[in-house]
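Scroll down for the structure; my scribbles are underneath it.
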Amino acid sequence: MQVLKDPLGWWCAMERPFARLPRWGGIALLFGLIAALTWAAATASAPPPPRVTDETQEAVDQNGHRKHGDIALYHRIVERVDAGESYYTAATDEHRAANYPTIPFVTVRLPTLYWVHKLVGDKGLQILCWLILLATVLAWERKLSDRINLAERTFAAICLFMSATTVFTPHVLMMHDIPAGMLLSLAMGLYNRRVWWPALLAAAAAIFIREIAVPFVLLWLAFAVTERRWREAGAITTLLVIFAVVMVLHAQAVEAVRLASDKASPGWSGMLGLDWVLQSLSRLTALLFLPPAWSAPLALLPFFGWLGLGGRTGAFAVLFFAGMGLAMALFARVENFYWVMLVLPVYAAGLALVPRALFETLTAIRIGSSKP
């Protein structure tokens, strides 16, 4: 059977998979969805992770900026880099002052975002993020134009905007995961088989801002190899080689200014579970304003929508979101809640795909599928 020989190719070739389910498959899927939503609501009473505005309320400087937390750290580094100081000296000094680790080297962010900020400033960075968001909405509008109707696409655009509310608060845009996630969302929307290089440029920008975005590119490489798209696979491989070289240079630069007394990271083995991932999604989007018992199930629903889309787009989205969610559940610590921004805002657009997916599931239960 094709599904056994090439499961990825089988899934990518299948549009609207829920419409093809036999009656028993539709019943199983519906009960699975109900069980998952019930579990999400039941576990939502656990203590929430910190919010994206992670700085404490304890102290404020003369400019009204918080003195503690990740965002405050990044802005102190920005001020020193903007003043002409070496990024690596400024970054490691500020890490020490805030009792942050510099070991291993990945605890010190790549300098890309700081250099961009030095060129364009706070307002310029916000404008860039607005343009990326607008391009993302337009890219997905075009990408889904032959898959869903206008009402669904309008709802998807609203979901994209509502899950990118960080563009309204420019001081948080120095959280590297935010612009990196926006660029990954843009890359997914831009991709097509004929002209794929704009998507590759967006993905490249994302990984050079936040290195943990690289699984997106690795997944893309797996798709390109599986589909025997060798030029595309070659370009992706070249990007990964360049990225590896940059990371080696970054490691050497951090090592050159590291002190023997520098703090080491406790590692990444939080084992916080998938419920914590849903809580993080809830508190970094407009779902923040809903009670946890509502927001957690709603944070899960977009995955069901993407699963029901099918085709290559749906398959890639599902694998990327599932992989990032699993990685967070297993490895992230509580203070790494912001990793979830790497799937936003595009993950939230899956909410617009839920009604059709649910309708097709109920139709399969009612009459079964006549398709092979």
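Letters A, B, ... mark the chains of the structure tokens in the order given; residue numbers begin at 1 per chain; ligand numbers begin at 1, in order shown.
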Exercise. Hey, what does DSSP flag as helix (DSSP H, G or I) within segment 56-275 of chain A? Can you give it to me as a ChimeraX atom specification?
Worked result: /A:70-82,87-97,105-107,112-143,150-162,165-168,170-174,177-190,197-209,211-226,230-257,274-275
Enumerate, in order of chain and increasing residue number, the residues of segment 139-174 of chain A with an atom no farther than 8 Å from segment 187-207 of chain A, each with its shortest atom pair and distance in Å to one decimal, counting only C-alpha atoms, as a Markdown table.
| residue | atom | partner | partner_atom | distance |
| --- | --- | --- | --- | --- |
| A:Ala139 | CA | A:Gly189 | CA | 5.0 |
| A:Trp140 | CA | A:Gly189 | CA | 4.9 |
| A:Lys143 | CA | A:Gly189 | CA | 6.4 |
How about saving the chosen residues, C-alpha atoms kept, as a PDB file, in the first residue's frame?
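See result-v9.pdb below for the written result:
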ATOM      1  CA  ALA A 139       0.918  35.365   1.526  1.00  0.00           C
ATOM      2  CA  TRP A 140      -1.534  33.126   3.360  1.00  0.00           C
ATOM      3  CA  LYS A 143      -1.862  30.386  -0.524  1.00  0.00           C
TER       4      LYS A 143
END
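Nearest residue to Pro355 of chain A among A:Asn99, A:Thr285, A:Asn149, A:Thr112 is A:Asn149, counting only C-alpha atoms.
Using only C-alpha atoms, the shortest contact distance between Gly181 of chain A and any of A:Arg228, A:Arg210, A:His117, A:Arg356 is found at A:Arg210.
Proximity ranking of A:Ala83, A:Ala28, A:Val214, A:Met174 relative to Gly323 of chain A places A:Val214 first, based on only C-alpha atoms.
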Open item on the list: as a VMD selection string, please: the residues near Ile209 of chain A (cut-off 7 Å, only C-alpha atoms, same-chain neighbours under 6 positions excluded).
Closed with: chain A and resid 110 112 to 113 176 180
(request) Excluding Pro179 of chain A and residues on its chain fewer than 3 positions from it, collect all residues at most 12 Å away from it, counting only C-alpha atoms, and give them as a VMD selection string. (result) chain A and resid 112 to 113 116 125 to 133 164 166 to 167 170 172 to 176 182 to 186 202 to 203 205 to 210 213 338 to 339 341 to 345
Just the selected residues (C-alpha atoms), exported as a short mmCIF file (atom, residue, chain, number, x, y, z; two decimals), in the first residue's frame, please.
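File part-v9.cif, as written:
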data_model
loop_
_atom_site.label_atom_id
_atom_site.label_comp_id
_atom_site.auth_asym_id
_atom_site.auth_seq_id
_atom_site.Cartn_x
_atom_site.Cartn_y
_atom_site.Cartn_z
CA THR A 112 21.66 39.69 14.30
CA LEU A 113 18.70 41.40 15.95
CA VAL A 116 19.28 45.37 12.91
CA LEU A 125 12.08 47.50 14.13
CA GLN A 126 8.37 47.84 14.83
CA ILE A 127 7.73 48.96 11.25
CA LEU A 128 9.70 45.98 9.95
CA CYS A 129 7.60 43.63 12.07
CA TRP A 130 4.42 45.28 10.83
CA LEU A 131 5.56 44.78 7.24
CA ILE A 132 6.41 41.13 7.93
CA LEU A 133 2.96 40.63 9.48
CA ALA A 164 0.67 38.99 16.74
CA THR A 166 3.29 42.05 20.22
CA VAL A 167 3.71 44.47 17.30
CA PRO A 170 7.63 47.64 20.50
CA VAL A 172 9.03 43.32 23.55
CA LEU A 173 10.19 42.92 19.93
CA MET A 174 13.73 42.38 21.20
CA MET A 175 12.50 38.97 22.37
CA HIS A 176 14.21 37.13 19.54
CA MET A 182 6.88 35.92 12.35
CA LEU A 183 9.52 35.16 9.71
CA LEU A 184 8.80 31.42 9.90
CA SER A 185 5.08 32.14 9.46
CA LEU A 186 5.98 34.23 6.42
CA ALA A 202 12.58 34.38 5.26
CA ALA A 203 13.56 31.12 6.95
CA ALA A 205 16.48 35.41 8.50
CA ALA A 206 14.60 33.53 11.21
CA ILE A 207 17.41 31.11 12.06
CA PHE A 208 20.03 33.86 12.09
CA ILE A 209 17.88 35.71 14.64
CA ARG A 210 16.97 32.67 16.78
CA ALA A 213 14.23 27.96 14.58
CA TYR A 338 8.59 32.27 24.91
CA TRP A 339 9.72 29.37 22.67
CA MET A 341 6.35 32.30 19.78
CA LEU A 342 8.20 30.39 17.06
CA VAL A 343 4.89 28.90 15.86
CA LEU A 344 3.03 32.21 15.98
CA PRO A 345 1.18 33.86 14.40
#
Of A:Tyr100, A:Trp39, A:Phe161, A:Phe331, the one nearest to Gly270 of chain A when counting only C-alpha atoms is A:Phe331
* To do: Would you kindly return, as a ChimeraX atom specification, each protein, DNA or RNA residue with an atom no farther than 8 Å from any atom of Ala286 of chain A, considering only C-alpha atoms and excluding same-chain residues fewer than 6 positions away?
  => /A:162-163,165
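Among the candidate residues A:Pro22, A:Gly273, A:Pro292, A:Pro101, the one lying nearest to Ala42 of chain A is A:Pro292, with distances computed using only C-alpha atoms.
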Might you pull out every residue within 12 Å of segment 305-308 of chain A, with only C-alpha atoms counted and same-chain residues fewer than 3 positions away left off, and present them as a PDB file with N, CA and C atoms, in the first residue's frame?
ATOM      1  N   TRP A  11       0.198  11.383   2.565  1.00  0.00           N
ATOM      2  CA  TRP A  11      -0.531  12.430   3.274  1.00  0.00           C
ATOM      3  C   TRP A  11      -0.500  13.742   2.496  1.00  0.00           C
ATOM      4  N   CYS A  12       0.639  14.084   1.924  1.00  0.00           N
ATOM      5  CA  CYS A  12       0.753  15.337   1.185  1.00  0.00           C
ATOM      6  C   CYS A  12      -0.137  15.358  -0.052  1.00  0.00           C
ATOM      7  N   MET A  14      -3.021  14.008  -0.261  1.00  0.00           N
ATOM      8  CA  MET A  14      -4.422  13.867   0.103  1.00  0.00           C
ATOM      9  C   MET A  14      -4.983  15.195   0.627  1.00  0.00           C
ATOM     10  N   GLU A  15      -5.834  15.826  -0.147  1.00  0.00           N
ATOM     11  CA  GLU A  15      -6.492  17.053   0.288  1.00  0.00           C
ATOM     12  C   GLU A  15      -7.709  16.697   1.145  1.00  0.00           C
ATOM     13  N   ARG A  16      -8.010  17.545   2.136  1.00  0.00           N
ATOM     14  CA  ARG A  16      -9.175  17.384   3.004  1.00  0.00           C
ATOM     15  C   ARG A  16      -9.300  15.945   3.510  1.00  0.00           C
ATOM     16  N   PRO A  17      -8.352  15.451   4.301  1.00  0.00           N
ATOM     17  CA  PRO A  17      -8.343  14.044   4.717  1.00  0.00           C
ATOM     18  C   PRO A  17      -9.559  13.636   5.532  1.00  0.00           C
ATOM     19  N   PHE A  18     -10.135  14.547   6.301  1.00  0.00           N
ATOM     20  CA  PHE A  18     -11.284  14.160   7.122  1.00  0.00           C
ATOM     21  C   PHE A  18     -12.494  13.812   6.259  1.00  0.00           C
ATOM     22  N   ALA A  19     -12.580  14.414   5.068  1.00  0.00           N
ATOM     23  CA  ALA A  19     -13.686  14.105   4.165  1.00  0.00           C
ATOM     24  C   ALA A  19     -13.569  12.699   3.598  1.00  0.00           C
ATOM     25  N   ARG A  20     -12.399  12.084   3.723  1.00  0.00           N
ATOM     26  CA  ARG A  20     -12.162  10.752   3.172  1.00  0.00           C
ATOM     27  C   ARG A  20     -12.280   9.657   4.220  1.00  0.00           C
ATOM     28  N   LEU A  21     -12.613  10.029   5.448  1.00  0.00           N
ATOM     29  CA  LEU A  21     -12.667   9.046   6.516  1.00  0.00           C
ATOM     30  C   LEU A  21     -13.873   8.118   6.368  1.00  0.00           C
ATOM     31  N   GLY A  26     -14.356   8.638  11.394  1.00  0.00           N
ATOM     32  CA  GLY A  26     -14.920   9.904  11.837  1.00  0.00           C
ATOM     33  C   GLY A  26     -15.322   9.863  13.302  1.00  0.00           C
ATOM     34  N   LEU A  29     -12.178   9.957  15.417  1.00  0.00           N
ATOM     35  CA  LEU A  29     -11.584  11.292  15.417  1.00  0.00           C
ATOM     36  C   LEU A  29     -12.375  12.234  16.307  1.00  0.00           C
ATOM     37  N   LEU A  33     -11.012  14.147  19.599  1.00  0.00           N
ATOM     38  CA  LEU A  33     -11.033  15.600  19.750  1.00  0.00           C
ATOM     39  C   LEU A  33     -11.703  16.002  21.058  1.00  0.00           C
ATOM     40  N   LEU A 144      -4.069  30.118   0.459  1.00  0.00           N
ATOM     41  CA  LEU A 144      -5.288  29.381   0.787  1.00  0.00           C
ATOM     42  C   LEU A 144      -6.464  29.745  -0.112  1.00  0.00           C
ATOM     43  N   ARG A 147      -8.247  26.864  -1.457  1.00  0.00           N
ATOM     44  CA  ARG A 147      -8.512  25.798  -0.484  1.00  0.00           C
ATOM     45  C   ARG A 147      -9.709  26.100   0.415  1.00  0.00           C
ATOM     46  N   ILE A 148      -9.882  27.368   0.759  1.00  0.00           N
ATOM     47  CA  ILE A 148     -10.985  27.753   1.638  1.00  0.00           C
ATOM     48  C   ILE A 148     -11.650  29.001   1.079  1.00  0.00           C
ATOM     49  N   GLU A 152     -13.628  32.198   5.460  1.00  0.00           N
ATOM     50  CA  GLU A 152     -12.599  31.481   6.219  1.00  0.00           C
ATOM     51  C   GLU A 152     -11.255  32.192   6.133  1.00  0.00           C
ATOM     52  N   ALA A 156      -9.080  33.741   9.137  1.00  0.00           N
ATOM     53  CA  ALA A 156      -7.668  33.376   9.309  1.00  0.00           C
ATOM     54  C   ALA A 156      -6.808  34.622   9.454  1.00  0.00           C
ATOM     55  N   LEU A 298      -9.148  26.232  23.412  1.00  0.00           N
ATOM     56  CA  LEU A 298      -9.076  27.048  22.204  1.00  0.00           C
ATOM     57  C   LEU A 298      -7.654  27.097  21.654  1.00  0.00           C
ATOM     58  N   ALA A 299      -6.655  27.010  22.531  1.00  0.00           N
ATOM     59  CA  ALA A 299      -5.268  26.970  22.073  1.00  0.00           C
ATOM     60  C   ALA A 299      -4.946  25.661  21.366  1.00  0.00           C
ATOM     61  N   LEU A 300      -5.686  24.611  21.679  1.00  0.00           N
ATOM     62  CA  LEU A 300      -5.477  23.305  21.042  1.00  0.00           C
ATOM     63  C   LEU A 300      -6.209  23.194  19.705  1.00  0.00           C
ATOM     64  N   LEU A 301      -7.336  23.854  19.579  1.00  0.00           N
ATOM     65  CA  LEU A 301      -8.184  23.701  18.390  1.00  0.00           C
ATOM     66  C   LEU A 301      -7.480  24.002  17.067  1.00  0.00           C
ATOM     67  N   PRO A 302      -6.610  25.022  16.953  1.00  0.00           N
ATOM     68  CA  PRO A 302      -5.967  25.262  15.661  1.00  0.00           C
ATOM     69  C   PRO A 302      -5.224  24.061  15.113  1.00  0.00           C
ATOM     70  N   GLY A 311      -2.953  17.918   2.455  1.00  0.00           N
ATOM     71  CA  GLY A 311      -2.020  18.384   1.453  1.00  0.00           C
ATOM     72  C   GLY A 311      -0.649  18.654   2.045  1.00  0.00           C
ATOM     73  N   ARG A 312       0.267  19.137   1.222  1.00  0.00           N
ATOM     74  CA  ARG A 312       1.611  19.406   1.709  1.00  0.00           C
ATOM     75  C   ARG A 312       1.619  20.504   2.757  1.00  0.00           C
ATOM     76  N   THR A 313       0.799  21.544   2.534  1.00  0.00           N
ATOM     77  CA  THR A 313       0.755  22.651   3.486  1.00  0.00           C
ATOM     78  C   THR A 313       0.312  22.182   4.856  1.00  0.00           C
ATOM     79  N   GLY A 314      -0.765  21.410   4.893  1.00  0.00           N
ATOM     80  CA  GLY A 314      -1.260  20.901   6.165  1.00  0.00           C
ATOM     81  C   GLY A 314      -0.290  19.944   6.817  1.00  0.00           C
ATOM     82  N   ALA A 315       0.332  19.078   6.023  1.00  0.00           N
ATOM     83  CA  ALA A 315       1.272  18.101   6.578  1.00  0.00           C
ATOM     84  C   ALA A 315       2.482  18.792   7.181  1.00  0.00           C
ATOM     85  N   PHE A 316       3.038  19.773   6.477  1.00  0.00           N
ATOM     86  CA  PHE A 316       4.199  20.498   6.992  1.00  0.00           C
ATOM     87  C   PHE A 316       3.833  21.230   8.273  1.00  0.00           C
ATOM     88  N   ALA A 317       2.692  21.912   8.264  1.00  0.00           N
ATOM     89  CA  ALA A 317       2.275  22.670   9.441  1.00  0.00           C
ATOM     90  C   ALA A 317       2.103  21.757  10.647  1.00  0.00           C
ATOM     91  N   VAL A 318       1.414  20.642  10.455  1.00  0.00           N
ATOM     92  CA  VAL A 318       1.154  19.720  11.562  1.00  0.00           C
ATOM     93  C   VAL A 318       2.457  19.171  12.139  1.00  0.00           C
ATOM     94  N   LEU A 319       3.381  18.770  11.276  1.00  0.00           N
ATOM     95  CA  LEU A 319       4.651  18.220  11.759  1.00  0.00           C
ATOM     96  C   LEU A 319       5.480  19.284  12.474  1.00  0.00           C
ATOM     97  N   PHE A 320       5.495  20.501  11.949  1.00  0.00           N
ATOM     98  CA  PHE A 320       6.262  21.563  12.590  1.00  0.00           C
ATOM     99  C   PHE A 320       5.665  21.924  13.944  1.00  0.00           C
ATOM    100  N   PHE A 321       4.351  22.122  13.998  1.00  0.00           N
ATOM    101  CA  PHE A 321       3.712  22.491  15.263  1.00  0.00           C
ATOM    102  C   PHE A 321       3.844  21.373  16.288  1.00  0.00           C
ATOM    103  N   ALA A 322       3.636  20.137  15.849  1.00  0.00           N
ATOM    104  CA  ALA A 322       3.741  19.011  16.780  1.00  0.00           C
ATOM    105  C   ALA A 322       5.170  18.872  17.292  1.00  0.00           C
ATOM    106  N   VAL A 346       1.192  32.046  12.724  1.00  0.00           N
ATOM    107  CA  VAL A 346       0.493  31.194  11.761  1.00  0.00           C
ATOM    108  C   VAL A 346      -0.271  30.056  12.433  1.00  0.00           C
ATOM    109  N   TYR A 347       0.216  29.557  13.554  1.00  0.00           N
ATOM    110  CA  TYR A 347      -0.508  28.471  14.220  1.00  0.00           C
ATOM    111  C   TYR A 347      -1.949  28.881  14.506  1.00  0.00           C
ATOM    112  N   ALA A 348      -2.149  30.105  14.981  1.00  0.00           N
ATOM    113  CA  ALA A 348      -3.483  30.557  15.355  1.00  0.00           C
ATOM    114  C   ALA A 348      -4.437  30.601  14.173  1.00  0.00           C
ATOM    115  N   ALA A 349      -3.911  30.765  12.952  1.00  0.00           N
ATOM    116  CA  ALA A 349      -4.784  30.799  11.770  1.00  0.00           C
ATOM    117  C   ALA A 349      -5.523  29.485  11.582  1.00  0.00           C
ATOM    118  N   GLY A 350      -5.009  28.411  12.183  1.00  0.00           N
ATOM    119  CA  GLY A 350      -5.695  27.124  12.093  1.00  0.00           C
ATOM    120  C   GLY A 350      -7.072  27.139  12.709  1.00  0.00           C
ATOM    121  N   LEU A 351      -7.349  28.118  13.568  1.00  0.00           N
ATOM    122  CA  LEU A 351      -8.682  28.217  14.169  1.00  0.00           C
ATOM    123  C   LEU A 351      -9.735  28.452  13.097  1.00  0.00           C
ATOM    124  N   ALA A 352      -9.356  29.162  12.028  1.00  0.00           N
ATOM    125  CA  ALA A 352     -10.292  29.418  10.931  1.00  0.00           C
ATOM    126  C   ALA A 352     -10.582  28.163  10.123  1.00  0.00           C
ATOM    127  N   LEU A 353      -9.733  27.144  10.259  1.00  0.00           N
ATOM    128  CA  LEU A 353      -9.918  25.900   9.515  1.00  0.00           C
ATOM    129  C   LEU A 353     -10.748  24.884  10.280  1.00  0.00           C
ATOM    130  N   VAL A 354     -11.047  25.185  11.540  1.00  0.00           N
ATOM    131  CA  VAL A 354     -11.748  24.216  12.400  1.00  0.00           C
ATOM    132  C   VAL A 354     -13.176  23.940  11.944  1.00  0.00           C
ATOM    133  N   PRO A 355     -14.011  24.957  11.625  1.00  0.00           N
ATOM    134  CA  PRO A 355     -15.400  24.650  11.245  1.00  0.00           C
ATOM    135  C   PRO A 355     -15.494  23.674  10.080  1.00  0.00           C
ATOM    136  N   ARG A 356     -14.679  23.875   9.043  1.00  0.00           N
ATOM    137  CA  ARG A 356     -14.731  22.972   7.893  1.00  0.00           C
ATOM    138  C   ARG A 356     -14.252  21.575   8.292  1.00  0.00           C
ATOM    139  N   ALA A 357     -13.193  21.506   9.085  1.00  0.00           N
ATOM    140  CA  ALA A 357     -12.685  20.205   9.520  1.00  0.00           C
ATOM    141  C   ALA A 357     -13.731  19.461  10.346  1.00  0.00           C
ATOM    142  N   LEU A 358     -14.424  20.193  11.220  1.00  0.00           N
ATOM    143  CA  LEU A 358     -15.463  19.561  12.038  1.00  0.00           C
ATOM    144  C   LEU A 358     -16.645  19.129  11.183  1.00  0.00           C
ATOM    145  N   PHE A 359     -17.025  19.966  10.222  1.00  0.00           N
ATOM    146  CA  PHE A 359     -18.128  19.607   9.327  1.00  0.00           C
ATOM    147  C   PHE A 359     -17.801  18.333   8.543  1.00  0.00           C
ATOM    148  N   GLU A 360     -16.581  18.242   8.044  1.00  0.00           N
ATOM    149  CA  GLU A 360     -16.188  17.059   7.275  1.00  0.00           C
ATOM    150  C   GLU A 360     -16.126  15.818   8.157  1.00  0.00           C
ATOM    151  N   THR A 361     -15.742  15.995   9.408  1.00  0.00           N
ATOM    152  CA  THR A 361     -15.739  14.864  10.338  1.00  0.00           C
ATOM    153  C   THR A 361     -17.158  14.375  10.600  1.00  0.00           C
TER     154      THR A 361
END
